[in-house]
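See structure below.
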Amino acid sequence: MAVETRKRGAVGQNVTKVDGPSLVAGKPVFTLDLDLPGTLIGKILPSPHAHAEIVRIDTSEAEAVPGVRAILHFGNVPRVPYTTAGQGWPEPSPYDTVLFDRKVRFVGDRVAAVAAETEEAAREALGKIRVEYNVLPAVLSPEEALADGAPVVHDEPDAEGIYDARKNIAAAVDIPVGDVERALAEAPVTVEAACEIPYSQHCAIEPHCVLAYFDEVGRLVLRTSTQVPFHVRRIVARVVGLDPARIRVVKPRIGGGFGSKQEILLEPVAALLALRTGRPVRMAYTREEVFVSSRTRHPMRVAVRLGAGNDGVLQAVDMEVLSNTGAYGTHALTVLSNVGSKTLPLYNKARHLRFHGKAVYTNLPVAGAYRGYGATQGFFALEVAMDKLAERLRMDPVELRRRNHIRAGETSPIFEKIGEGREGTAQIVRSCALEECLRVGAERIGWKEKRARRREEGPWAYGVGMSCAMQGSGITGVDMAAATLVMQDDGSFRLLVGATDLGTGSDTILAQIAAEELGVPVDRVLVYSSDTDFTPFDTGAYASSTTYVSGNAVLRAAQEVRWQILEVAGAALGEPPEVLELSGGAVESRRSGRRLTLAEVGHRATYVTEQRQIAATASFACPESPPPFAAFFCEVAVDRETGVVRVERFVAAADCGTAIHPKGAEGQLEGAVLQGIGHALYEEMLFAKSGRCVNASFFDYKVPSALDAPRIEAILVPSEEPTGPWGAKSISEIGINGPLPAISNAIYHAVGVRMVRAPFTPERVAAALRLQGR
Amino acid sequence: MRLQGVRRFHLARDVEEALSLLSAYDGRGALLAGGVDLLRVPGREVEGLIDITRMGLAFVDGAGGRLRVGATTTLTEVLESPDTAHYAGGVLAEVLRAVAVPPLRNMATLGGAVVSAHPWADLPTALVALGAEARWVGDTEGRGSVEELYQGEFRGLFRKAVLTEIRFPPWEGAFAYEKVGRSATDIALLNACCGLGMDDGTIAWARVAVGARPERGERLPWAEEALVGQKAGPALWAEVGRLVESKVEVGDDRRAGGTWRRHTAGVLVARALARAAEKAAG
């Protein structure tokens, strides 16, 4: 693959993160680091029942608790059906939620909210709200939800956009290409795999939190830990009944989101409490509330059937999905769609495809956006099926991928057929270094030798496994980002972006993208982001969009500013802009060699002659969504006596185009891989028969820590994405798609059992081994 | 939020003062050493916290093959003591390395672990296997083996008494500890601690304890009897492992099922025996 090798300045450098120093110095940069006088504490009363009608609610005793200032419940707030999903418009998730309903639909659902002078008073008041429930039968699995005569989770008449409420189906898709049944029947080789993922939570270090207050002119400010400030503004305005022009949303530093903060959860409640009391209100979920009442990954069962020729080339792929969206359908349709749209194009040789499935309601916690966004679930099944196919064909799994994966210049009908809850956009893959990823990754782990000779040491059996994945870079036809770049009188720059850095480093890489075009060091570009009053629009940080979509907006703004600088300098030097070059903080004439520093340009434009503000606002809408690609290889050790699985080593070779900040990109890849290892080995929310989550804490819900991390080797395999800023595409999500199938396939290589239900706990692995008599 | 009702914090100078404060609070006072369980377990109405970490009860003393550990010695201090490394084949260091994470081990105390006695914890299984003895001061001075304490109403005892010291007897031989958790920082899904003394290739004495079954660690006397007088070796470990698998009392909880625990108990005992024998052989 041809990669542009020209020398770059800021791009490709591991510059200091623009927010790094203040973060490591413990500066007060997070949402709740701001103390406002007179701030009230808001708390939410959760439902103790999985499914119940509220017959009566009596708040008189709670109101009498000293320090209580407001109580919200279904009886005193406007009823506006909406979705908590922070997505673009038109919103693809059903409007099946109201702020406070007469009915509760899962243990942890919102019943009421209190604002009080102290947390103690708020808690005391919650305990004194008397609620009479009429408990209804609950559905606690997708199978129960789909059964004839099942209780209906959403029977409210004012919900909109539910696929089939009476049957508990929030969303459904069925997308055929060609004739998959016939092609499967005629294929010389067929295999099947059905894989299952349970409830799991993002576990961002910082819980969801918000501070709502009125500024000096009476406008509502929401300082909130969100991935989607502009969607927060739009949705809060509608739900609370405020003119959007009266709302300002500010996103300070965030301690992680991973999709769980692509949701409008606490903001409207805090806004209403602030409105009712006229006081600042701060709200934060406890860790237990984060687990139960924020959002989770969609538990899912994905069944894949593959038909191939004896040469391994795929002829047919059928993918069927049963997704559990929990009590509300936020992201139900789009996560479901993504299971197919972000996986099936990877192997574009098959002419016959069918992607079909349902997302169903249950009386369990609400699933939402989570890094990988359906692709994680899809690749688990697809890549285990590919491993089975390789075995059937007695072919090296790497070779099987090579024969099937998409290349630059190729396309897949899926791009056009499946989009963000609607039809997608046809596109050609313009950059793809997957072949190189496969080669480099296999070499690094010692694939050929380890695959050929399995190692055993006492009870430990070692195996290697692999998988591939892709993702997207933004959502075509939906995402739009804008950037405003301003040159100051001293020749430095201000970059205003709506983009939302949630710990990913996007503020830094956007500064790098601008600095590269402007020929200045990164520290000459001050980034101010995510403030709906001061920064231009951006759909937000999700769908692996920021580097590509926001980055392109920044690049366009920088190109315009660059041209303005050359015009000003040209006038000063008496030379046409075409002969001028901008680099090293100065404009230089190729013709005369005369120079003007940027400080001189800024000074001249601001004060001296033909005074003007050098500035530009540019935007970028996402016409296509270039996929990053990756190949994952891992070595596992399986204790055949206890079922314990240890990941010994993990190699992830990824093509994210040009890595704007290589260390940052590697960090994204390593973090996503470790999160994926958590899915594979540890993470599972467990529920009692009542529907209550019984392990909603880090004591009993284990996420991998540094002590669990194996050697993770992140390899960035460069390509040049022609539509990306400086050749870049995304990296944030793809890494989480690899571990589940790669580890499952490695376990199979080690001990010959197929683990298809995550997580692969000692008990499950031991049971599988016993079943196979090994 | 926990411990919301705390009104006073006391630094007890000695056991007598701690006891008199405890008595004065009449059930609404709590001894504070590491504070780990005080923070973890909600629901107790605590008005007075009585800090017992300044009473000279933090020490590790090994002499003559024995080990004495003060009750407020942190797990890290025990772990890092050279005396611990030399005791019973270094088994306490093995156990302590398996307890949670370093920051928590910096807080938690050995006395706290004895008193909390969580069934899923690592230490109770080892304390029972090692025949540890607890010493306390309440109305009178008392002492008793941890194993016997755990069979009785020890929680009531330690509401009115201060645990002062844990004594580990000398063993001519070695112990080893085995654990399965979900992650490196997890509590045990199952654990086992076994010790052996050898006389010319024959087993002179044996201790076998299995914990987190999910019940608290207990010795399996029938497994110990099956070992004593036998020739040490892989065949014996396997045989005792099978015996344990057939007879050990296990149960289900949300973390693991009885079937897996039963099988794994046999595996862990056989492994601990093999390693203990290796250490004992020197």
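Ordered as shown in the structure tokens, chains take letters A, B, and onward, while each chain numbers its residues from 1 and ligands are numbered from 1 in the order shown.
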
Would you give me, as a PDB file with N, CA and C atoms, in the first residue's frame, the residues of chain A that come within 6 Å of chain B, using only C-alpha atoms?
```
ATOM      1  N   THR A 642      -9.147 -26.619  36.038  1.00  0.00           N
ATOM      2  CA  THR A 642     -10.045 -25.667  36.715  1.00  0.00           C
ATOM      3  C   THR A 642     -10.862 -24.821  35.741  1.00  0.00           C
ATOM      4  N   ASP A 708      -4.306  -7.427  35.669  1.00  0.00           N
ATOM      5  CA  ASP A 708      -4.818  -8.477  34.787  1.00  0.00           C
ATOM      6  C   ASP A 708      -4.330  -8.326  33.353  1.00  0.00           C
ATOM      7  N   GLU A 763     -15.817 -21.639  35.406  1.00  0.00           N
ATOM      8  CA  GLU A 763     -16.903 -22.621  35.493  1.00  0.00           C
ATOM      9  C   GLU A 763     -17.424 -23.005  34.113  1.00  0.00           C
TER      10      GLU A 763
END
```

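Contact shell of Pro170 in chain B at 8 Å (only C-alpha atoms; same-chain neighbours under 5 positions omitted): Gly64, Gly65, Arg66, Leu67, Tyr87 and Ala88 of chain B.
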
Can you tell me which residues surround Ala303 in chain A at a distance of at most 7 Å, considering only C-alpha atoms, apart from same-chain residues fewer than 2 positions away, and format the answer as a ChimeraX atom specification? /A:193-195,301,305,319-321,381

One decimal, Å: what's the distance from CA of Phe9 in chain B over to CA of Glu47 in chain B, could you say? 8.7 Å

List the neighbours of range 46-61 of chain A out to 10 Å using only C-alpha atoms; skip same-chain residues closer than 4 positions along the sequence, and give me the result as JSON, numbers by chain. {"A": [65, 71, 72, 73, 74, 75, 101, 102, 103, 104, 105, 106, 107, 108, 109, 110, 111, 112, 113, 125, 126, 127, 128, 129, 130, 131, 132, 133, 134, 135, 136, 137, 138, 139, 140, 151, 152, 153, 289, 292, 293, 327, 362, 363, 364, 365, 689, 690, 691, 692]}

From B:Ile50, B:Leu19, B:Ala117, B:Ala272, residue lying nearest Trp136 in chain B [only C-alpha atoms]: B:Leu19

Write out as a PyMOL selection string which residues come within 12 Å of Glu148 in chain B when counting only C-alpha atoms, dropping same-chain ones fewer than 5 positions away. chain B and resi 124+127-129+131-134+143+153-154+218-219

Next, dump the selected residues to file, keeping only N, CA and C atoms, as a PDB file, in the first residue's frame.
```pdb
ATOM      1  N   PRO B 124      -8.908 -16.515  56.157  1.00  0.00           N
ATOM      2  CA  PRO B 124      -9.460 -17.498  57.102  1.00  0.00           C
ATOM      3  C   PRO B 124      -9.044 -18.934  56.774  1.00  0.00           C
ATOM      4  N   LEU B 127      -5.515 -19.318  57.999  1.00  0.00           N
ATOM      5  CA  LEU B 127      -5.415 -19.258  59.459  1.00  0.00           C
ATOM      6  C   LEU B 127      -5.852 -20.580  60.081  1.00  0.00           C
ATOM      7  N   VAL B 128      -6.901 -21.148  59.544  1.00  0.00           N
ATOM      8  CA  VAL B 128      -7.408 -22.427  60.040  1.00  0.00           C
ATOM      9  C   VAL B 128      -6.397 -23.531  59.743  1.00  0.00           C
ATOM     10  N   ALA B 129      -5.882 -23.545  58.520  1.00  0.00           N
ATOM     11  CA  ALA B 129      -4.917 -24.585  58.143  1.00  0.00           C
ATOM     12  C   ALA B 129      -3.669 -24.499  59.016  1.00  0.00           C
ATOM     13  N   GLY B 131      -3.370 -23.414  62.001  1.00  0.00           N
ATOM     14  CA  GLY B 131      -3.615 -23.548  63.439  1.00  0.00           C
ATOM     15  C   GLY B 131      -3.329 -22.269  64.189  1.00  0.00           C
ATOM     16  N   ALA B 132      -3.651 -21.141  63.584  1.00  0.00           N
ATOM     17  CA  ALA B 132      -3.372 -19.848  64.222  1.00  0.00           C
ATOM     18  C   ALA B 132      -4.186 -19.696  65.495  1.00  0.00           C
ATOM     19  N   GLU B 133      -3.583 -18.979  66.444  1.00  0.00           N
ATOM     20  CA  GLU B 133      -4.259 -18.747  67.719  1.00  0.00           C
ATOM     21  C   GLU B 133      -4.501 -17.249  67.874  1.00  0.00           C
ATOM     22  N   ALA B 134      -5.701 -16.897  68.280  1.00  0.00           N
ATOM     23  CA  ALA B 134      -6.020 -15.496  68.509  1.00  0.00           C
ATOM     24  C   ALA B 134      -5.931 -15.186  69.998  1.00  0.00           C
ATOM     25  N   ARG B 143      -7.746 -16.473  74.946  1.00  0.00           N
ATOM     26  CA  ARG B 143      -7.030 -16.997  73.793  1.00  0.00           C
ATOM     27  C   ARG B 143      -7.781 -18.217  73.263  1.00  0.00           C
ATOM     28  N   GLU B 153     -19.505 -18.469  68.491  1.00  0.00           N
ATOM     29  CA  GLU B 153     -20.114 -17.138  68.334  1.00  0.00           C
ATOM     30  C   GLU B 153     -19.034 -16.047  68.425  1.00  0.00           C
ATOM     31  N   PHE B 154     -18.063 -16.126  67.539  1.00  0.00           N
ATOM     32  CA  PHE B 154     -16.934 -15.195  67.671  1.00  0.00           C
ATOM     33  C   PHE B 154     -17.334 -13.746  67.394  1.00  0.00           C
ATOM     34  N   GLU B 218     -12.542 -24.436  56.089  1.00  0.00           N
ATOM     35  CA  GLU B 218     -12.555 -25.429  57.168  1.00  0.00           C
ATOM     36  C   GLU B 218     -11.539 -26.505  56.851  1.00  0.00           C
ATOM     37  N   ARG B 219     -11.016 -27.109  57.934  1.00  0.00           N
ATOM     38  CA  ARG B 219     -10.121 -28.244  57.717  1.00  0.00           C
ATOM     39  C   ARG B 219     -10.941 -29.472  57.337  1.00  0.00           C
TER      40      ARG B 219
END
```

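Distance check against Thr504 in chain A using only C-alpha atoms: of A:Ser337, A:Thr325, A:Thr484, A:Ser732, the minimum falls on A:Ser732.
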